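Q: Below you will find the structure I want to go over with you.
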Amino acid sequence: MVKCSKEVRKNLKGEHRILKFYAKEFMKKKILSVFLFLATTLAVNAAQPKKPAKASKTSKTSTTVNAQSNQNQQYMDVLKQQMQNAGIKKSSISSYEKATNSKQEVEKEKLYKKAIKEDEKNIYAYNDLGVLYINQKKFQEAANILEESLKYFNQNTSIYQNLLIAYRGANNAQGYANTVAKMVNN
């Protein structure tokens with residue numbers, strides 16, 4: 001048995017109702033992996049502190065920064081290749097890359113929206129825009145963009161996971177329940 005704080009137990013009690021409600025459906029359809037995914041997501045969310053922790057002041061050496069920069073570039077190169085293989089337009093890929101490299105959230109938002117406008121198949125832009133909104137505590141906007149992406153990508157678990165986070169942040173139990181039902185049915 002895992003021990004957890006009173007705050008975590010309190011947060012989990014509210015989520016427990018949702019899990020209990022859908023547990024029978026998951027088990028009937030033998031979709032244990034979806035149930036475990038949902039339970040894990042709820043537990044992780046409940047365990048997160050309400051206030052963000054203050055970042056510690058550590059200095060990075062130029063070697064560490066360069067290594068991280070190289071890793072980020074390698075990741076972006078692989079991601080761009082995947083996007084091209086998926087048939088996403090080059091202009092959309094370019095806007096997406098600019099957005100991920102941007103340090104300003106306002107610019108990121110504009111570029112993600114531009115990438116989506118240039119190619120509706122750019123699932124990465126939808127997902128990252130949703131995450132950006134979640135990080136800005138704009139939960140309803142995140143839910144709206146992620147719901148829109150489900151028109152094109154209803155099998156992507158990352159979209160569903162982020163949509164659950166957005167609905168939980170917006171205290172939208174109905175949206176949360178509907179998303180769980182979509183996960184079961186897809």
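The chains in the structure tokens are called A, B, ... from first to last as shown; in each chain the residues are counted from 1, and the ligands are counted from 1 in the order shown.
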Given only C-alpha atoms, how would the per-residue table for stretch 78-134 of chain A near stretch 145-161 of chain A read, listing every residue at most 8 Å away with its closest atom pair and distance in Å to one decimal, sorted by chain and number, as CSV?

A:
residue,atom,partner,partner_atom,distance
A:Glu120,CA,A:Tyr152,CA,7.9
A:Lys121,CA,A:Tyr152,CA,7.0
A:Ile123,CA,A:Ser149,CA,7.0
A:Tyr126,CA,A:Ser149,CA,6.2
A:Asn127,CA,A:Ile159,CA,6.1
A:Leu129,CA,A:Ile145,CA,7.6
A:Gly130,CA,A:Leu146,CA,6.0

Q: With all heavy atoms retained, export the selected residues as a PDB file, in the first residue's frame.

A:
ATOM      1  N   GLU A 120      -4.265  21.442 -41.214  1.00  0.00           N
ATOM      2  CA  GLU A 120      -5.087  20.919 -40.116  1.00  0.00           C
ATOM      3  C   GLU A 120      -4.615  19.549 -39.628  1.00  0.00           C
ATOM      4  O   GLU A 120      -5.046  19.094 -38.578  1.00  0.00           O
ATOM      5  CB  GLU A 120      -6.547  20.827 -40.557  1.00  0.00           C
ATOM      6  CG  GLU A 120      -7.195  22.162 -40.788  1.00  0.00           C
ATOM      7  CD  GLU A 120      -8.624  22.027 -41.303  1.00  0.00           C
ATOM      8  OE1 GLU A 120      -8.940  21.012 -41.950  1.00  0.00           O
ATOM      9  OE2 GLU A 120      -9.407  22.942 -41.040  1.00  0.00           O
ATOM     10  N   LYS A 121      -3.736  18.898 -40.372  1.00  0.00           N
ATOM     11  CA  LYS A 121      -3.225  17.585 -39.981  1.00  0.00           C
ATOM     12  C   LYS A 121      -2.050  17.679 -39.014  1.00  0.00           C
ATOM     13  O   LYS A 121      -1.504  16.655 -38.607  1.00  0.00           O
ATOM     14  CB  LYS A 121      -2.799  16.784 -41.216  1.00  0.00           C
ATOM     15  CG  LYS A 121      -3.930  16.405 -42.131  1.00  0.00           C
ATOM     16  CD  LYS A 121      -3.454  15.493 -43.244  1.00  0.00           C
ATOM     17  CE  LYS A 121      -2.484  16.195 -44.143  1.00  0.00           C
ATOM     18  NZ  LYS A 121      -2.056  15.405 -45.305  1.00  0.00           N
ATOM     19  N   ILE A 123      -0.951  17.568 -35.926  1.00  0.00           N
ATOM     20  CA  ILE A 123      -1.367  17.178 -34.577  1.00  0.00           C
ATOM     21  C   ILE A 123      -0.431  17.748 -33.514  1.00  0.00           C
ATOM     22  O   ILE A 123      -0.856  18.060 -32.401  1.00  0.00           O
ATOM     23  CB  ILE A 123      -1.446  15.644 -34.453  1.00  0.00           C
ATOM     24  CG1 ILE A 123      -2.062  15.252 -33.118  1.00  0.00           C
ATOM     25  CG2 ILE A 123      -0.094  15.005 -34.635  1.00  0.00           C
ATOM     26  CD1 ILE A 123      -2.362  13.784 -32.990  1.00  0.00           C
ATOM     27  N   TYR A 126      -1.560  21.270 -32.623  1.00  0.00           N
ATOM     28  CA  TYR A 126      -2.759  21.224 -31.772  1.00  0.00           C
ATOM     29  C   TYR A 126      -2.381  20.874 -30.334  1.00  0.00           C
ATOM     30  O   TYR A 126      -2.793  21.551 -29.381  1.00  0.00           O
ATOM     31  CB  TYR A 126      -3.742  20.157 -32.266  1.00  0.00           C
ATOM     32  CG  TYR A 126      -4.646  20.569 -33.389  1.00  0.00           C
ATOM     33  CD1 TYR A 126      -4.458  20.077 -34.674  1.00  0.00           C
ATOM     34  CD2 TYR A 126      -5.727  21.425 -33.172  1.00  0.00           C
ATOM     35  CE1 TYR A 126      -5.309  20.421 -35.710  1.00  0.00           C
ATOM     36  CE2 TYR A 126      -6.582  21.780 -34.197  1.00  0.00           C
ATOM     37  CZ  TYR A 126      -6.371  21.275 -35.465  1.00  0.00           C
ATOM     38  OH  TYR A 126      -7.215  21.618 -36.478  1.00  0.00           O
ATOM     39  N   ASN A 127      -1.621  19.799 -30.187  1.00  0.00           N
ATOM     40  CA  ASN A 127      -1.287  19.323 -28.850  1.00  0.00           C
ATOM     41  C   ASN A 127      -0.451  20.339 -28.084  1.00  0.00           C
ATOM     42  O   ASN A 127      -0.730  20.629 -26.917  1.00  0.00           O
ATOM     43  CB  ASN A 127      -0.556  17.981 -28.944  1.00  0.00           C
ATOM     44  CG  ASN A 127      -0.472  17.291 -27.603  1.00  0.00           C
ATOM     45  OD1 ASN A 127      -1.465  17.122 -26.917  1.00  0.00           O
ATOM     46  ND2 ASN A 127       0.723  16.889 -27.236  1.00  0.00           N
ATOM     47  N   LEU A 129      -0.237  23.568 -28.566  1.00  0.00           N
ATOM     48  CA  LEU A 129      -1.043  24.754 -28.257  1.00  0.00           C
ATOM     49  C   LEU A 129      -1.932  24.471 -27.047  1.00  0.00           C
ATOM     50  O   LEU A 129      -2.060  25.307 -26.144  1.00  0.00           O
ATOM     51  CB  LEU A 129      -1.887  25.184 -29.460  1.00  0.00           C
ATOM     52  CG  LEU A 129      -2.766  26.417 -29.263  1.00  0.00           C
ATOM     53  CD1 LEU A 129      -1.932  27.636 -28.866  1.00  0.00           C
ATOM     54  CD2 LEU A 129      -3.554  26.704 -30.545  1.00  0.00           C
ATOM     55  N   GLY A 130      -2.510  23.276 -27.005  1.00  0.00           N
ATOM     56  CA  GLY A 130      -3.302  22.885 -25.837  1.00  0.00           C
ATOM     57  C   GLY A 130      -2.477  22.882 -24.566  1.00  0.00           C
ATOM     58  O   GLY A 130      -2.909  23.388 -23.523  1.00  0.00           O
TER      59      GLY A 130
END

Q: Write out as a ChimeraX atom specification the set of residues from stretch 71-169 of chain A that DSSP, computed on the backbone, places in helix (DSSP H, G or I).

A: /A:71-85,90-101,105-118,123-135,139-149,157-169

Q: Neighbours of A:Ala115 within 6 Å (only C-alpha atoms; same-chain residues fewer than 3 positions away dropped), as a list in words?

A: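 Near neighbours after the sequence-gap exclusion: Ser92, Ser95, Tyr96, Tyr112 and Glu118 of chain A.
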
Q: Residues of the last selection are to be written out with C-alpha atoms, as an mmCIF file, in the first residue's frame.

A:
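This went into part.cif:
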data_model
loop_
_atom_site.group_PDB
_atom_site.id
_atom_site.type_symbol
_atom_site.label_atom_id
_atom_site.label_comp_id
_atom_site.auth_asym_id
_atom_site.auth_seq_id
_atom_site.Cartn_x
_atom_site.Cartn_y
_atom_site.Cartn_z
ATOM 1 C CA SER A 92 3.158 24.236 -41.226
ATOM 2 C CA SER A 95 5.753 27.551 -38.272
ATOM 3 C CA TYR A 96 5.673 24.750 -35.704
ATOM 4 C CA TYR A 112 1.013 27.298 -33.313
ATOM 5 C CA GLU A 118 -1.532 26.055 -42.729
#

Q: With only C-alpha atoms as the atoms that count, which of A:Lys110, A:Arg168, A:Lys117, A:Lys103 lies nearest to A:Ile88?

A: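 Checking each candidate against A:Ile88, we get A:Lys117 as the closest.
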
Q: Can you tell me which residues surround A:Gly87 at a distance of at most 10 Å, considering only C-alpha atoms, apart from same-chain residues fewer than 5 positions away, and format the answer as a PyMOL selection string?

A: chain A and resi 81-82+119+121-122

Q: Please save N, CA, C and O atoms of the selected residues as an mmCIF file, in the first residue's frame.

A:
data_model
loop_
_atom_site.group_PDB
_atom_site.id
_atom_site.type_symbol
_atom_site.label_atom_id
_atom_site.label_comp_id
_atom_site.auth_asym_id
_atom_site.auth_seq_id
_atom_site.Cartn_x
_atom_site.Cartn_y
_atom_site.Cartn_z
ATOM 1 N N GLN A 81 11.062 15.096 -39.538
ATOM 2 C CA GLN A 81 11.006 13.962 -40.474
ATOM 3 C C GLN A 81 9.693 13.195 -40.301
ATOM 4 O O GLN A 81 9.052 12.817 -41.285
ATOM 5 N N GLN A 82 9.279 12.977 -39.063
ATOM 6 C CA GLN A 82 8.000 12.310 -38.805
ATOM 7 C C GLN A 82 6.842 13.116 -39.377
ATOM 8 O O GLN A 82 5.904 12.555 -39.943
ATOM 9 N N ASP A 119 -1.990 23.772 -42.004
ATOM 10 C CA ASP A 119 -2.269 22.354 -42.222
ATOM 11 C C ASP A 119 -3.005 21.793 -41.012
ATOM 12 O O ASP A 119 -2.431 21.666 -39.934
ATOM 13 N N LYS A 121 -3.736 18.898 -40.372
ATOM 14 C CA LYS A 121 -3.225 17.585 -39.981
ATOM 15 C C LYS A 121 -2.050 17.679 -39.014
ATOM 16 O O LYS A 121 -1.504 16.655 -38.607
ATOM 17 N N ASN A 122 -1.655 18.885 -38.632
ATOM 18 C CA ASN A 122 -0.499 19.053 -37.755
ATOM 19 C C ASN A 122 -0.907 18.828 -36.299
ATOM 20 O O ASN A 122 -1.158 19.759 -35.535
#

Q: Pick from A:Asn162, A:Gly169, A:Tyr124, A:Phe139: nearest to A:Ala86, with only C-alpha atoms counted?

A: A:Tyr124
